[in-house]
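A.B. asks: Just passing along the structure, written as structure tokens.
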Amino acid sequence: MKKTNLLKIARMLVMFITVISLSNCNETQNNNEDKNIDTTSVKQEVKKTREELIVNRDTMHIANTDSITSFENKHTPEITVGNADEKGFSKIIVKVGSNDIVHPSTDEHWIDFMTLYIDGKEFKHIENEAGEGSNQHEFLAKVKAGQELKVIIGCNLHGIWENTIIVK
Ligand SMILES: [Fe+2]
């Protein structure tokens, strides 16, 4: 075989290999883009589902404090304050609900948010995804006797509820 023919074949091989490499590169890039699109659309879907499941934003109250119903107990956040640690922080435990009645925490029925206010100022706001252990949270804060702790919670099905205590 002539040298010129060998060179032609070698050039064609190099071109062929280059074209194959470039096409693999593009496929990898496209796969990564597809993955990004998938992740974003899954997140959007989760958010949409959460918003669709939160169907009640009515402000709710205990109708008669002399005879609180189990439904009202189930949605009233119970606030307890632990002793201060050596740095002055107390554990504030919030459970929904009260008087040994526990609010559900399932994919269909859960506490979608919880906000703690100290002396009227927002201290912490938590948003829960469906299905989490949403009915109890602990907060660490420096509080002293006489301060007002208010917790507002949202049940995705039964509206917005609150409770207030004064630190002893
Ligand atoms: Fe509920």
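Chain identifiers are assigned as A, B, and so on, following the order in which chains appear in the structure tokens; residues are numbered from 1 within each chain, and ligands are numbered from 1 in order of appearance.
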Counting only C-alpha atoms and all ligand atoms, name the residues that have an atom within 9 Å of an atom of ligand 1; the answer should be given as a list in words.

C.D. replies: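 With only C-alpha atoms and all ligand atoms and a cut-off of 9 Å, ligand 1 is contacted by Phe71, Lys74, His75, His103, Pro104, Ser105, His109, Trp110, Ile111, Gly154, Cys155, Asn156, Leu157, His158 and Gly159 of chain A.
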
A.B. asks: When DSSP works through the backbone of this structure, what residues of stretch 27-81 of chain A end up as helix (DSSP H, G or I), shown as number ranges by chain?

C.D. replies: A: 27-53, 70-75

A.B. asks: I'd like the interatomic distance between atom CA of A:Asn163 and atom CA of A:Asp85, to a tenth of an Å.

C.D. replies: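 Atom-to-atom, atom CA of A:Asn163 and atom CA of A:Asp85 are spaced 24.8 Å apart.
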
A.B. asks: Hey, what's within 10 Å of A:Phe113 if we count only C-alpha atoms and toss same-chain stuff fewer than 6 positions away? As an MDAnalysis selection string, please?

C.D. replies: chainID A and resid 125:129 134:135 152:156 160

A.B. asks: How would the residues just picked look written out with N, CA and C atoms as an mmCIF file, in the first residue's frame?

C.D. replies:
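This is the output file result09.cif:
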data_model
loop_
_atom_site.group_PDB
_atom_site.id
_atom_site.type_symbol
_atom_site.label_atom_id
_atom_site.label_comp_id
_atom_site.auth_asym_id
_atom_site.auth_seq_id
_atom_site.Cartn_x
_atom_site.Cartn_y
_atom_site.Cartn_z
ATOM 1 N N HIS A 125 -39.761 30.457 62.904
ATOM 2 C CA HIS A 125 -40.865 29.968 62.078
ATOM 3 C C HIS A 125 -40.396 28.697 61.379
ATOM 4 N N ILE A 126 -41.164 27.626 61.528
ATOM 5 C CA ILE A 126 -40.802 26.337 60.927
ATOM 6 C C ILE A 126 -41.913 25.917 59.976
ATOM 7 N N GLU A 127 -41.521 25.446 58.790
ATOM 8 C CA GLU A 127 -42.506 24.871 57.866
ATOM 9 C C GLU A 127 -42.214 23.394 57.702
ATOM 10 N N ASN A 128 -43.227 22.572 57.833
ATOM 11 C CA ASN A 128 -43.063 21.113 57.762
ATOM 12 C C ASN A 128 -43.638 20.562 56.466
ATOM 13 N N GLU A 129 -42.920 19.590 55.907
ATOM 14 C CA GLU A 129 -43.476 18.838 54.778
ATOM 15 C C GLU A 129 -44.470 17.813 55.335
ATOM 16 N N SER A 134 -44.291 16.260 62.583
ATOM 17 C CA SER A 134 -44.536 17.705 62.557
ATOM 18 C C SER A 134 -45.178 18.245 63.827
ATOM 19 N N ASN A 135 -45.649 17.346 64.717
ATOM 20 C CA ASN A 135 -46.469 17.825 65.829
ATOM 21 C C ASN A 135 -45.673 18.158 67.090
ATOM 22 N N ILE A 152 -48.097 29.869 67.295
ATOM 23 C CA ILE A 152 -49.171 29.742 66.303
ATOM 24 C C ILE A 152 -48.821 28.550 65.419
ATOM 25 N N ILE A 153 -49.791 27.681 65.205
ATOM 26 C CA ILE A 153 -49.561 26.509 64.348
ATOM 27 C C ILE A 153 -50.635 26.451 63.249
ATOM 28 N N GLY A 154 -50.286 25.746 62.170
ATOM 29 C CA GLY A 154 -51.269 25.532 61.102
ATOM 30 C C GLY A 154 -51.481 24.052 60.883
ATOM 31 N N CYS A 155 -52.738 23.627 60.943
ATOM 32 C CA CYS A 155 -53.083 22.255 60.542
ATOM 33 C C CYS A 155 -53.581 22.346 59.101
ATOM 34 N N ASN A 156 -53.065 21.495 58.252
ATOM 35 C CA ASN A 156 -53.423 21.620 56.828
ATOM 36 C C ASN A 156 -54.922 21.463 56.595
ATOM 37 N N ILE A 160 -55.736 27.527 61.583
ATOM 38 C CA ILE A 160 -54.671 28.149 62.368
ATOM 39 C C ILE A 160 -55.097 28.223 63.834
#

A.B. asks: Rounded to one decimal, what separation in Å do you get between atom CA of A:Thr164 and atom CA of A:Asp66?

C.D. replies: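 Those two atoms sit 17.2 Å apart.
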
A.B. asks: Quick one: residues within 10 Å of A:Val102, only C-alpha atoms, excluding same-chain residues fewer than 6 positions away - as number ranges by chain?

C.D. replies: A: 70, 73-77, 95-96, 135-136

A.B. asks: Using only C-alpha atoms, pick whichever of A:Ile93, A:Ile101, A:Val81, A:Val55 has the shortest atom-to-atom distance to A:Phe139.

C.D. replies: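 Among the listed residues, A:Ile93 lies closest to A:Phe139.
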
A.B. asks: Between A:Arg50, A:Lys43, A:Lys168, A:His61, which is the closest to A:Gly146 once you count only C-alpha atoms?

C.D. replies: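 That would be A:Lys168, the residue with the smallest distance to A:Gly146.
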
A.B. asks: Give the answer as one residue: which of A:Asp112, A:Ile62, A:Ser98, A:Ser41 has the shortest atom-to-atom distance to A:Gly131, using only C-alpha atoms?

C.D. replies: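 For A:Gly131, the nearest of the candidates is A:Asp112.
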
A.B. asks: What is the atom CA of A:Glu148-atom CA of A:Gly97 distance in Å, reported with one decimal?

C.D. replies: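 Computed distance, atom CA of A:Glu148 to atom CA of A:Gly97, equals 19.2 Å.
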
A.B. asks: Among stretch 41-145 of chain A, which ones does DSSP assign to strand (DSSP E) (computed from the backbone)? Answer as a PDB file with C-alpha atoms, in the first residue's frame.

C.D. replies:
ATOM      1  CA  PRO A  77     -50.154  23.815  71.039  1.00  0.00           C
ATOM      2  CA  GLU A  78     -48.887  22.905  74.510  1.00  0.00           C
ATOM      3  CA  ILE A  79     -45.840  24.942  75.535  1.00  0.00           C
ATOM      4  CA  THR A  80     -43.414  23.867  78.264  1.00  0.00           C
ATOM      5  CA  VAL A  81     -40.242  25.653  79.308  1.00  0.00           C
ATOM      6  CA  SER A  90     -33.980  27.110  78.069  1.00  0.00           C
ATOM      7  CA  LYS A  91     -35.528  24.331  76.029  1.00  0.00           C
ATOM      8  CA  ILE A  92     -38.992  25.374  74.916  1.00  0.00           C
ATOM      9  CA  ILE A  93     -40.970  22.292  73.907  1.00  0.00           C
ATOM     10  CA  VAL A  94     -44.056  22.726  71.780  1.00  0.00           C
ATOM     11  CA  LYS A  95     -46.406  19.778  71.325  1.00  0.00           C
ATOM     12  CA  VAL A  96     -49.630  19.781  69.343  1.00  0.00           C
ATOM     13  CA  ILE A 111     -48.926  20.507  61.271  1.00  0.00           C
ATOM     14  CA  ASP A 112     -47.655  22.425  58.256  1.00  0.00           C
ATOM     15  CA  PHE A 113     -46.093  25.311  60.199  1.00  0.00           C
ATOM     16  CA  MET A 114     -45.214  26.407  63.721  1.00  0.00           C
ATOM     17  CA  THR A 115     -44.153  29.906  64.788  1.00  0.00           C
ATOM     18  CA  LEU A 116     -42.828  30.889  68.216  1.00  0.00           C
ATOM     19  CA  TYR A 117     -43.116  34.517  69.406  1.00  0.00           C
ATOM     20  CA  ILE A 118     -41.341  35.845  72.491  1.00  0.00           C
ATOM     21  CA  LYS A 121     -41.530  39.226  68.402  1.00  0.00           C
ATOM     22  CA  GLU A 122     -41.174  36.298  66.007  1.00  0.00           C
ATOM     23  CA  PHE A 123     -38.418  34.054  67.349  1.00  0.00           C
ATOM     24  CA  LYS A 124     -38.645  31.096  64.948  1.00  0.00           C
ATOM     25  CA  HIS A 125     -40.865  29.968  62.078  1.00  0.00           C
ATOM     26  CA  ILE A 126     -40.802  26.337  60.927  1.00  0.00           C
ATOM     27  CA  GLU A 127     -42.506  24.871  57.866  1.00  0.00           C
ATOM     28  CA  GLN A 136     -43.538  18.519  68.168  1.00  0.00           C
ATOM     29  CA  HIS A 137     -40.580  20.887  68.063  1.00  0.00           C
ATOM     30  CA  GLU A 138     -37.980  22.119  70.498  1.00  0.00           C
ATOM     31  CA  PHE A 139     -36.603  25.630  70.545  1.00  0.00           C
ATOM     32  CA  LEU A 140     -33.639  26.943  72.510  1.00  0.00           C
ATOM     33  CA  ALA A 141     -34.000  30.488  73.791  1.00  0.00           C
TER      34      ALA A 141
END
